[in-house]
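> Can you keep this structure in mind? I'll have questions shortly.
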Amino acid sequence: MAVAAVLVRRPLEQVSGLLRRRFHRTAPAALQVTVRDAINQGMDEELERDEKVFLLGEEVAQYDGAYKVSRGLWKKYGDKRIIDTPISEMGFAGIAVGAAMAGLRPICEFMTFNFSMQAIDQVINSAAKTYYMSGGLQSVPIVFRGPNGASAGVAAQHSQCFAAWYGHCPGLKVVSPWSSEDAKGLIKSAIRDNNPVVVLENELMYGVPFELPSEAQSKDFLIPIGKAKIERQGTHVTIVAHSRPVGHCLEAATVLSKEGIECEVINLRTIRPMDIETIEASVMKTNHLVTVEGGWPQFGVGAEICARIMEGPAFNFLDAPAVRVTGADVPMPYAKILEDNSVPQVKDIIFAIKKTLNI
Amino acid sequence: MLTAAVSRVLSGVTQKPASRVLVASCKYSNNATLEIKKCDLYRLEEGPPVTTVLTREDGLKYYKMMQTVRRMELKADQLYKQKFIRGFCHLCDGQEACCVGLEAAINPTDHVITSYRAHGLSYTRGLTVQSILAELTGRRGGCAKGKGGSMHMYAKNFYGGNGIVGAQGPLGAGVSLACKYKGNNEVCFTLYGDGAANQGQISEAHNMAALWNLPCIFICENNRYGMGTSVERAAASTDYYKRGSFIPGLRVDGMDILCVREATKFAADYCRSGKGPILMELLTYRYHGHSMSDPGISYRTREEVQSVRSKSDPIMLLKDKMVNNKLASVEELKEIDVEVRKEIDDAAQFAMTDPEPPLEELGHHIYSSNPPFDIRGTNQWIKFQSIS
């Protein structure tokens, strides 16, 4: 009803960075919530709901979180449930996995996913593979979360996207929220999931406000892992993205709409297991596909989408080869002009769409 | 003290009868007080006792368990050479006192985690020989349904079996964090080898365990060789019981099951009393090479192996103690040997004849508590159903 109306209007209004004021509403109140606060709320609700949930990581407690995502949680829940760790990624990730094996439900924060590389053995070999190797005896209900991908001016060692790395591994679930609704619903689903879930957040999105519809304000609001969302309906081309680039795609769609090109924008939401069916259905409607991601092109998320589309029924509906828009194939440079040209911009997405439409 | 006990026994004074009815029990003592080696201590004022009481019942139990582990490992050697077992197979014969001594000192509600040399602990933690051997041969009756193999066997309160050297260090500290979090007075025994002791993540685990006062007993099973590298060639300090730095430690004769038992009890009590982590180094020896691919004599001499076998074999040491203290007769122990051999043979028979897991189950157990979904096989047309 009124909620559905909000859901239809919302994609068109939700251009990142634009604030809308609502003065007089008869519909249930939607809140403006930043992605940071949405994750904070999601964790707070799950900490309250289940005694076994706890958070550990560097600076998560007394510092309120390196990016303030865990602000207020230590004050509310104390030392037992919000734990500051030393700078020992491999150690504390392993400790978190062990605690999960013994029946707790840890949220293990990596200050950025770049540092998870030091702990990746614990994520893959100790967490992801264990349920399978044990023949179903030992589950690992753990969440690994933190900011992923490019930030601004943090250079090569602090800008890598790990979607493809973690998305590669069976036994893991990998989610990549874009909006506040995504962030809240996915972190809650991840915490309630009995499997290892990697939550790839985005530092540049933390401060971005979104309208949180009333249903997303409920304490039991969950977004299912493994389901993509069509943010914007369209007929001419399917654009698939995850995380921050979803916003860029919607901007591109707004620009192209003025030229009579209607883009269908799909927010992947989950990297693994990937919702290829939603993409296939869309491509079978639009006959064109563009994938957009922040990570490197080789062996990336877009490459996987293209391979799967080729293998499935949607291939016969493509009027042109699928096109990928990705980060540049370089370690992230520092100088602003170089950095700007190493991440996909709105103009790159528009260019790619026009290329595939042969315009 | 020992001579007093022995003379008491020899003079025919019987102790109070055991509650269990034993055949010809009047010719055996019920228990004996035995001396055990003093442990080297680090940052500890006191250590485990230097004498202990071994009851006949316990002695027979330990003997049978150690003999079972020994024969099970030797059977695995045989099955590997017959190509029933593939891949990696790391055997722990020689180290039986460690796993049996540990189990003798702890509760079933305590937690244990170890490295890939895990068959002995898998047994002492409750898995049957049959399920262990069938897992090694990759059959559906294996404890992990054939999905894990030698290095990935799990049981209640036993977290494997870990293939990556040292990874079990932080994992075990995490299990102990869960024990502390739940406030259940349980502790976690986190075992690693002399090779793994040089892993950075072990130091990270030590640091966090001490910092947060976790009920974790770190146990370094020092069998003198990390694969083909002797401890002298791998470690700047081979005093592994001191390598916890700020964590108190003790060095234990890992070939004497009673020494292991008393030291473990001591360490567990220390931990349970809330004093934080403690580190035990067990001096032990493996007769086999690092794995079945390693003959084990390129980096050590046959003489050395033979010498340990003849002087310090843990089963021999226990047997001598029991016979010399009239806790059992040689014939009685031989009967146990026969029983054990039969159990192992039956288990091996099962392990060789049980069918492999059905192909349809290849995709199972990817996710826990999940609705069924499809897994891709080696090409896009081959699909396996995945059930939790």
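Chain labels run A, B, ... following the order of the structure tokens; each chain numbers its residues from 1, and ligands are numbered from 1 in the order shown.
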Against chain B, which residues of chain A fall within 9 Å? For each one I want the closest pair of atoms and the distance in Å (one decimal), counting only C-alpha atoms, rows by chain and increasing residue number, as a tab-separated table.

residue	atom	partner	partner_atom	distance
A:Lys52	CA	B:Lys182	CA	8.6
A:Lys80	CA	B:Tyr181	CA	7.2
A:Arg81	CA	B:Tyr181	CA	8.7
A:Thr85	CA	B:Met208	CA	7.8
A:Pro86	CA	B:Met208	CA	7.6
A:Ser88	CA	B:Glu204	CA	6.2
A:Glu89	CA	B:Glu204	CA	8.9
A:Met90	CA	B:Gln201	CA	6.2
A:Gly91	CA	B:Glu204	CA	5.2
A:Phe92	CA	B:Pro170	CA	7.0
A:Ala93	CA	B:Pro170	CA	7.8
A:Gly94	CA	B:Pro170	CA	4.7
A:Ile95	CA	B:Gly174	CA	3.7
A:Ala96	CA	B:Gly174	CA	5.8
A:Val97	CA	B:Leu171	CA	6.2
A:Gly98	CA	B:Leu171	CA	4.0
A:Ala99	CA	B:Gly174	CA	4.4
A:Ala100	CA	B:Val175	CA	7.8
A:Met101	CA	B:Val175	CA	7.1
A:Ala102	CA	B:Val175	CA	5.4
A:Gly103	CA	B:Ala178	CA	7.2
A:Leu104	CA	B:Ala178	CA	6.4
A:Asp121	CA	B:Ala167	CA	8.1
A:Gln122	CA	B:Ala167	CA	7.1
A:Asn125	CA	B:Ile164	CA	7.8
A:Ser126	CA	B:Ala167	CA	7.7
A:Ala128	CA	B:Ile366	CA	8.5
A:Lys129	CA	B:Ile366	CA	7.8
A:Thr130	CA	B:His152	CA	8.4
A:Tyr131	CA	B:His365	CA	6.0
A:Tyr132	CA	B:His365	CA	4.8
A:Met133	CA	B:Gly148	CA	4.3
A:Ser134	CA	B:Ala144	CA	4.8
A:Gly135	CA	B:Ala144	CA	4.4
A:Gly136	CA	B:His365	CA	5.2
A:Leu137	CA	B:Tyr154	CA	7.2
A:Gln138	CA	B:Tyr154	CA	7.4
A:Ser139	CA	B:Ser368	CA	6.3
A:Val140	CA	B:Ser368	CA	8.4
A:Pro141	CA	B:Ser368	CA	8.8
A:Pro170	CA	B:Ile366	CA	6.9
A:Gly171	CA	B:Ile366	CA	5.1
A:Leu172	CA	B:Tyr367	CA	8.0
A:Lys173	CA	B:Tyr367	CA	8.8
A:Asp193	CA	B:Ser369	CA	8.1
A:Asn194	CA	B:Ser368	CA	6.0
A:Asn195	CA	B:Ser368	CA	6.1
A:Pro196	CA	B:Tyr367	CA	8.8
A:Arg308	CA	B:Gln380	CA	8.8
A:Glu311	CA	B:Gln380	CA	7.0
A:Gly312	CA	B:Gln380	CA	8.8
> Kindly save the residues from that selection, with C-alpha atoms included, as an mmCIF file, in the first residue's frame.

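File written: out.cif
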data_model
loop_
_atom_site.group_PDB
_atom_site.id
_atom_site.type_symbol
_atom_site.label_atom_id
_atom_site.label_comp_id
_atom_site.auth_asym_id
_atom_site.auth_seq_id
_atom_site.Cartn_x
_atom_site.Cartn_y
_atom_site.Cartn_z
ATOM 1 C CA LYS A 52 25.858 -15.378 21.936
ATOM 2 C CA LYS A 80 32.514 -9.056 27.423
ATOM 3 C CA ARG A 81 30.659 -8.505 24.167
ATOM 4 C CA THR A 85 41.969 -6.729 19.905
ATOM 5 C CA PRO A 86 45.677 -6.186 19.433
ATOM 6 C CA SER A 88 46.900 -9.493 15.206
ATOM 7 C CA GLU A 89 44.571 -10.219 12.311
ATOM 8 C CA MET A 90 45.542 -13.844 11.835
ATOM 9 C CA GLY A 91 45.320 -14.387 15.581
ATOM 10 C CA PHE A 92 42.019 -12.702 16.279
ATOM 11 C CA ALA A 93 40.342 -14.002 13.138
ATOM 12 C CA GLY A 94 41.352 -17.501 14.234
ATOM 13 C CA ILE A 95 40.105 -16.817 17.746
ATOM 14 C CA ALA A 96 36.787 -15.662 16.308
ATOM 15 C CA VAL A 97 36.496 -18.826 14.192
ATOM 16 C CA GLY A 98 37.314 -21.010 17.204
ATOM 17 C CA ALA A 99 34.695 -19.216 19.282
ATOM 18 C CA ALA A 100 32.156 -19.822 16.511
ATOM 19 C CA MET A 101 33.042 -23.516 16.413
ATOM 20 C CA ALA A 102 32.446 -23.675 20.156
ATOM 21 C CA GLY A 103 28.947 -22.203 19.857
ATOM 22 C CA LEU A 104 29.225 -18.416 19.963
ATOM 23 C CA ASP A 121 43.815 -18.654 5.836
ATOM 24 C CA GLN A 122 41.533 -18.587 8.866
ATOM 25 C CA ASN A 125 40.642 -22.936 5.538
ATOM 26 C CA SER A 126 39.314 -22.758 9.080
ATOM 27 C CA ALA A 128 34.655 -21.715 4.958
ATOM 28 C CA LYS A 129 35.693 -25.312 4.429
ATOM 29 C CA THR A 130 35.001 -26.794 7.834
ATOM 30 C CA TYR A 131 31.326 -27.708 7.532
ATOM 31 C CA TYR A 132 32.111 -29.621 4.343
ATOM 32 C CA MET A 133 35.324 -31.289 5.582
ATOM 33 C CA SER A 134 33.606 -32.463 8.745
ATOM 34 C CA GLY A 135 30.771 -34.087 6.791
ATOM 35 C CA GLY A 136 28.272 -31.679 8.339
ATOM 36 C CA LEU A 137 29.403 -32.065 11.952
ATOM 37 C CA GLN A 138 31.002 -28.702 12.633
ATOM 38 C CA SER A 139 29.341 -25.439 11.623
ATOM 39 C CA VAL A 140 30.971 -22.021 11.851
ATOM 40 C CA PRO A 141 28.399 -19.251 12.429
ATOM 41 C CA PRO A 170 32.623 -22.527 -1.736
ATOM 42 C CA GLY A 171 31.466 -22.609 1.844
ATOM 43 C CA LEU A 172 31.446 -18.822 2.211
ATOM 44 C CA LYS A 173 28.558 -16.462 1.736
ATOM 45 C CA ASP A 193 23.123 -17.213 9.348
ATOM 46 C CA ASN A 194 24.814 -20.346 10.650
ATOM 47 C CA ASN A 195 27.549 -20.082 8.036
ATOM 48 C CA PRO A 196 30.634 -17.910 7.578
ATOM 49 C CA ARG A 308 27.252 -17.524 -16.469
ATOM 50 C CA GLU A 311 26.134 -20.616 -20.218
ATOM 51 C CA GLY A 312 22.463 -19.979 -19.600
#
> I'd like the neighbourhood of Ala104 in chain B as a short mmCIF file (atom, residue, chain, number, x, y, z; two decimals) with N, CA, C and O atoms, in the first residue's frame, where a residue qualifies if any of its atoms comes within 10 Å (using only C-alpha atoms), though same-chain residues fewer than 2 positions away should be ignored.

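The resulting file, out05.cif, is shown below:
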data_model
loop_
_atom_site.label_atom_id
_atom_site.label_comp_id
_atom_site.auth_asym_id
_atom_site.auth_seq_id
_atom_site.Cartn_x
_atom_site.Cartn_y
_atom_site.Cartn_z
N ASP B 58 42.76 -48.27 36.15
CA ASP B 58 43.25 -47.23 35.25
C ASP B 58 44.39 -47.75 34.38
O ASP B 58 44.45 -47.50 33.18
N LYS B 61 43.17 -49.76 31.62
CA LYS B 61 42.48 -48.90 30.65
C LYS B 61 43.50 -48.15 29.78
O LYS B 61 43.37 -48.12 28.56
N TYR B 62 44.51 -47.56 30.45
CA TYR B 62 45.50 -46.81 29.68
C TYR B 62 46.26 -47.73 28.73
O TYR B 62 46.55 -47.37 27.59
N ALA B 97 51.47 -41.86 24.72
CA ALA B 97 51.32 -41.37 26.09
C ALA B 97 50.73 -39.97 26.12
O ALA B 97 50.07 -39.58 27.08
N CYS B 98 50.98 -39.22 25.06
CA CYS B 98 50.48 -37.84 25.02
C CYS B 98 48.96 -37.81 24.93
O CYS B 98 48.29 -37.15 25.73
N CYS B 99 48.40 -38.52 23.94
CA CYS B 99 46.95 -38.43 23.78
C CYS B 99 46.21 -39.18 24.89
O CYS B 99 45.20 -38.68 25.41
N VAL B 100 46.72 -40.35 25.29
CA VAL B 100 46.02 -41.10 26.32
C VAL B 100 46.20 -40.44 27.69
O VAL B 100 45.26 -40.36 28.48
N GLY B 101 47.40 -39.94 27.94
CA GLY B 101 47.65 -39.24 29.20
C GLY B 101 46.81 -37.99 29.32
O GLY B 101 46.30 -37.66 30.40
N LEU B 102 46.65 -37.27 28.23
CA LEU B 102 45.82 -36.07 28.22
C LEU B 102 44.38 -36.42 28.58
O LEU B 102 43.78 -35.85 29.49
N ILE B 106 41.52 -35.18 31.82
CA ILE B 106 40.53 -34.13 31.54
C ILE B 106 39.12 -34.69 31.56
O ILE B 106 38.90 -35.89 31.65
N ASN B 107 38.14 -33.79 31.49
CA ASN B 107 36.73 -34.20 31.43
C ASN B 107 36.27 -34.29 29.99
O ASN B 107 36.77 -33.56 29.14
N PRO B 108 35.27 -35.14 29.73
CA PRO B 108 34.71 -35.16 28.37
C PRO B 108 34.13 -33.81 27.96
O PRO B 108 34.03 -33.51 26.78
N THR B 124 40.97 -41.02 21.30
CA THR B 124 40.78 -40.79 22.74
C THR B 124 39.63 -39.83 23.01
O THR B 124 39.04 -39.84 24.08
N ILE B 257 53.21 -41.95 30.55
CA ILE B 257 51.80 -41.56 30.56
C ILE B 257 51.39 -40.96 31.89
O ILE B 257 50.55 -40.06 31.95
N LEU B 258 51.99 -41.41 32.98
CA LEU B 258 51.61 -40.87 34.29
C LEU B 258 52.13 -39.46 34.46
O LEU B 258 51.48 -38.61 35.06
N VAL B 260 52.49 -37.37 32.00
CA VAL B 260 51.59 -36.55 31.17
C VAL B 260 50.29 -36.32 31.92
O VAL B 260 49.76 -35.20 31.96
N ARG B 261 49.78 -37.38 32.54
CA ARG B 261 48.50 -37.25 33.23
C ARG B 261 48.59 -36.24 34.38
O ARG B 261 47.75 -35.36 34.52
N GLU B 262 49.63 -36.38 35.19
CA GLU B 262 49.76 -35.47 36.34
C GLU B 262 49.99 -34.04 35.91
O GLU B 262 49.45 -33.09 36.49
N THR B 264 49.08 -32.68 33.11
CA THR B 264 47.85 -32.16 32.52
C THR B 264 46.85 -31.78 33.61
O THR B 264 46.20 -30.73 33.53
N LYS B 265 46.76 -32.62 34.63
CA LYS B 265 45.84 -32.30 35.74
C LYS B 265 46.27 -30.98 36.37
O LYS B 265 45.44 -30.11 36.67
#
> Which residues are near range 336-342 of chain A? Cut-off 6 Å, only C-alpha atoms, ignore same chain within fewer than 3 positions. Put them as a VMD selection string.
chain A and resid 327 to 328 333
> Given the choices A:Phe162, A:Trp74, A:Phe221, A:Phe110, which gets closest to Val174 in chain A if the distance is worked out from only C-alpha atoms?
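Of the candidates, the smallest distance to Val174 in chain A is held by A:Phe162.
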> Given only C-alpha atoms as the basis, pick out the residue of A:Pro273, A:Gly295, A:Gly146, A:Gly207 nearest to Ala228 in chain A.
A:Pro273
